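Visitor: Here's a structure for you.
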Amino acid sequence: VNNDLKIFEELESSVRSYVRSFPTVFKKAKGYKMWDINGKEYIDFFAGAGALNYGHNDEKMKKKLLEYIAQDGIVHSLDMATEAKANFLEKFNEVILKPRNMNYKVMFPGPTGTNTVESALKLARKVTGRTNVISFTNGFHGMTIGSLSVTGNSAKRQGAGIPLQHVVTMPYDNFVSNNLDTVEYLERFLEDNGSGVDIPAAMILETVQGEGGINAAKFEWLKRIEEVCKRWGILLIIDDVQAGVGRTGTFFSFEKAGINPDIVCLSKSIGGNGLPLALTLIKPELDIWNPGEHNGTFRGNNFAFITATESLTYWETDEFEKSIEEKSVKITEFLNNIVEKYPELNGKVKGRGLMQGISTPIEGLASEIAAKAFENGLIMETAGPEDEVFKLFPPLTIDNEGLEKGFKIIEESVRSLVA
Ligand code: PMP
């Protein structure tokens, strides 16, 4: 361990995890690059776990924020009406909701992904008067008691001593085998009154499971899940905290599946430049909150409204979506090539858009590849219940040069470990 990490070793709680995976002290970042205090440069294929889809310190967002600060713009305002918030709501409606024919009320549930998930679960229970929720194997929804209870990874739950309460975890698309029709299974389960499961209030799922191993559900599977929800009067909550804001190629990860969720959870990159912001999108007829029923001190950070509003200009034309698609094809080609060239990996390419990776059944190998890549100047996370996937998660704004540099480091790291 680098000596510079002494203060973290001495004073910071042992709960820290990224300090161990990326053992250096970072100082500066721009676009897809980060630098540590020794001046070493890193390519960022991690992007703040999805909070930095537009890269670090985007110039336009930075400029708007500096102007706002110089004018003594309001920083903190609870959920009071502010000009910065009004501008954000207007732009979100014009650039994101209206062109997609979407009609949602926007709730500010608190600053984090976990906050939007909590608000969605609470609202679904309030609207339906039911308590049960269906979650899916390998889903990840957050670390508070409610959001953790719908997280389908038992190791994460047990770490906090949380049993499943009023939650039933069902198999995600392709979870058991290609031969099990998981939607059929789910519906038979709902029909089986003898199992003692009351009709759930909601189902909550990610269209591509980020932490759970970059598992991408087929669009057809999502469509069928939506049909089951409609048939049973169950609310469909899509957790787009990680897969949303362009990560899979479209602003919302479910656009191409053609589904129409009742509630959508957004956070991470919705703030634009890494500032904390979360939204819960609610179908208007379900927005039955009474004032004060879900509050919190940090709902609506005005700095985040400034950068978030600016970030939406990326979505004013379809150029950005096209560029994400082009990069996603390049990443798939690169990963297919790696799997072919290094059969020792026994690798499988997974994911969608700029949320792809390779899983390998060889124990510990994905983590070793990520650690080697770090030594070689690239930041990359692992995912999946056994950390069996290394995950390529660059900012969506990365250019070809950055992608190529990253590819080179990943290939070198794989080669040095398996070839
Ligand atoms: N949902 C998903 C899909 C996530 O990936 C995450 C964070 N990794 C969360 C919820 C929780 O977000 P936060 O860490 O901001 O609470």
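If you're wondering about the labels, chains in the structure tokens are A, B, ... by order shown, residues count from 1 in each chain, ligands from 1 in order shown.
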Identify, on the basis of only C-alpha atoms, every residue whose closest approach to region 247-255 of chain A does not exceed 6 Å; exclude the query and any residue fewer than 6 positions from it along the same chain; express the result as an mmCIF file with C-alpha atoms, in the first residue's frame.

Guide:
data_model
loop_
_atom_site.group_PDB
_atom_site.id
_atom_site.type_symbol
_atom_site.label_atom_id
_atom_site.label_comp_id
_atom_site.auth_asym_id
_atom_site.auth_seq_id
_atom_site.Cartn_x
_atom_site.Cartn_y
_atom_site.Cartn_z
ATOM 1 C CA GLU A 321 -27.460 8.893 -28.953
ATOM 2 C CA ILE A 324 -23.147 6.278 -27.865
ATOM 3 C CA GLU A 325 -24.356 3.627 -30.303
ATOM 4 C CA ARG A 352 -25.713 -3.272 -23.568
ATOM 5 C CA GLY A 353 -24.540 0.157 -24.714
ATOM 6 C CA LEU A 354 -21.670 1.591 -22.698
#

Visitor: Please find the residues contacting ligand 1 at a distance of at most 10 Å between atoms, with only C-alpha atoms and all ligand atoms counted, and report them as an MDAnalysis selection string.

Guide: chainID A and resid 48:51 110:118 139:144 147:148 151 205:212 238:244 265:268 276:278

Visitor: Which residues are close to Thr382 (chain A), i.e. within 10 Å by only C-alpha atoms, leaving aside same-chain residues fewer than 3 positions away? Reply as JSON, numbers by chain.

Guide: {"A": [21, 46, 210, 211, 212, 213, 214, 357, 358, 359, 366, 367, 368, 369, 370, 371, 385, 386, 387, 388, 389, 390, 391, 392]}

Visitor: Based on the backbone DSSP call, show me all residues of region 214-301 of chain A assigned helix (DSSP H, G or I), as a PyMOL selection string.

Guide: chain A and resi 219-232+268-271+284-286

Visitor: Give me the residues near Glu411 (chain A) as a PyMOL selection string, where near means some atom within 9 Å (using only C-alpha atoms) and where sequence neighbours in that chain fewer than 5 positions away do not count.

Guide: chain A and resi 338+373+406+416

Visitor: Quick one: of A:Gly300, A:Gly272, A:Gly39, A:Pro109, who's nearest to Ile74 (chain A), counting only C-alpha atoms?

Guide: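 Counting only C-alpha atoms, the residue closest to Ile74 (chain A) is A:Gly300.
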
Visitor: Which residue, A:Glu187, A:Glu375, A:Glu326, A:Glu59, has the smallest gap to Glu226 (chain A) when you use only C-alpha atoms?

Guide: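 That would be A:Glu187, the residue with the smallest distance to Glu226 (chain A).
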
Visitor: Go through A:Phe334, A:Asp79, A:Pro361, A:Ala120 and flag the residue nearest Pro291 (chain A), using only C-alpha atoms for the distances.

Guide: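 Of the candidates, the smallest distance to Pro291 (chain A) is held by A:Asp79.
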
Visitor: Let's see if you can do this: from backbone DSSP, list all strand (DSSP E) residues in region 218-348 of chain A, as an NGL selection string.

Guide: :A and (235-239 or 263-266 or 279-282 or 348)

Visitor: Grab the residues selected above and save them as a PDB file, in the first residue's frame with C-alpha atoms.

Guide:
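To be explicit, this is the file written out as part.pdb:
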ATOM      1  CA  LEU A 235     -47.072  -1.365 -10.333  1.00  0.00           C
ATOM      2  CA  LEU A 236     -43.904  -1.583 -12.432  1.00  0.00           C
ATOM      3  CA  ILE A 237     -40.931   0.304 -10.983  1.00  0.00           C
ATOM      4  CA  ILE A 238     -37.901   0.606 -13.248  1.00  0.00           C
ATOM      5  CA  ASP A 239     -34.726   1.436 -11.340  1.00  0.00           C
ATOM      6  CA  ILE A 263     -42.573   4.720 -11.557  1.00  0.00           C
ATOM      7  CA  VAL A 264     -39.003   5.429 -12.721  1.00  0.00           C
ATOM      8  CA  CYS A 265     -36.018   5.913 -10.403  1.00  0.00           C
ATOM      9  CA  LEU A 266     -33.212   8.190 -11.625  1.00  0.00           C
ATOM     10  CA  LEU A 279     -35.719  12.021  -9.303  1.00  0.00           C
ATOM     11  CA  THR A 280     -38.687   9.738  -8.917  1.00  0.00           C
ATOM     12  CA  LEU A 281     -40.943   9.918 -11.977  1.00  0.00           C
ATOM     13  CA  ILE A 282     -44.536   9.087 -11.149  1.00  0.00           C
ATOM     14  CA  LYS A 348     -18.631 -14.315 -22.058  1.00  0.00           C
TER      15      LYS A 348
END

Visitor: Applying 8 Å and only C-alpha atoms, which residues near Thr169 (chain A) remain after dropping the ones on its own chain fewer than 5 positions away? List them as a PyMOL selection string.

Guide: chain A and resi 134-137+150+152

Visitor: Could you pull the residues within 12 Å of region 198-201 of chain A, counting only C-alpha atoms, minus those fewer than 5 positions along the same chain, as a compact mmCIF listing (two decimals) with C-alpha atoms, in the first residue's frame?

Guide:
# COMPACT_ATOMS: atom_id res chain seq x y z
CA ALA A 120 -40.91 4.39 -5.09
CA LEU A 121 -41.47 1.47 -2.71
CA LYS A 122 -43.35 3.65 -0.24
CA LEU A 123 -45.56 5.17 -2.91
CA ALA A 124 -46.37 1.77 -4.49
CA ARG A 125 -47.51 0.51 -1.09
CA LYS A 126 -49.55 3.64 -0.45
CA VAL A 127 -51.24 3.57 -3.87
CA THR A 128 -52.15 -0.14 -3.82
CA GLY A 129 -52.68 -0.61 -0.10
CA ARG A 130 -50.54 -3.77 -0.37
CA THR A 131 -47.19 -4.52 1.22
CA ASN A 132 -45.39 -7.20 -0.81
CA VAL A 133 -42.89 -6.35 -3.51
CA ILE A 134 -41.34 -8.60 -6.13
CA SER A 135 -37.65 -8.12 -6.77
CA HIS A 166 -42.48 -8.62 2.41
CA VAL A 167 -40.26 -9.18 -0.59
CA VAL A 168 -40.19 -12.15 -2.94
CA THR A 169 -37.19 -12.51 -5.21
CA LEU A 186 -43.51 -15.73 -12.18
CA GLU A 187 -47.09 -15.81 -13.35
CA PHE A 189 -46.27 -18.27 -8.79
CA LEU A 190 -48.74 -15.37 -8.63
CA GLU A 191 -51.60 -17.74 -9.49
CA ASP A 192 -50.64 -20.16 -6.73
CA ASN A 193 -52.75 -18.87 -3.86
CA VAL A 228 -47.97 -9.47 -16.15
CA CYS A 229 -47.96 -6.28 -14.06
CA LYS A 230 -50.95 -4.93 -15.99
CA ARG A 231 -52.88 -8.19 -15.72
CA TRP A 232 -52.44 -8.31 -11.95
CA GLY A 233 -52.66 -4.59 -11.19
CA ILE A 234 -49.07 -4.59 -9.94
CA LEU A 235 -47.07 -1.37 -10.33
CA LEU A 236 -43.90 -1.58 -12.43
CA ILE A 237 -40.93 0.30 -10.98
CA ASP A 262 -45.53 3.36 -13.52
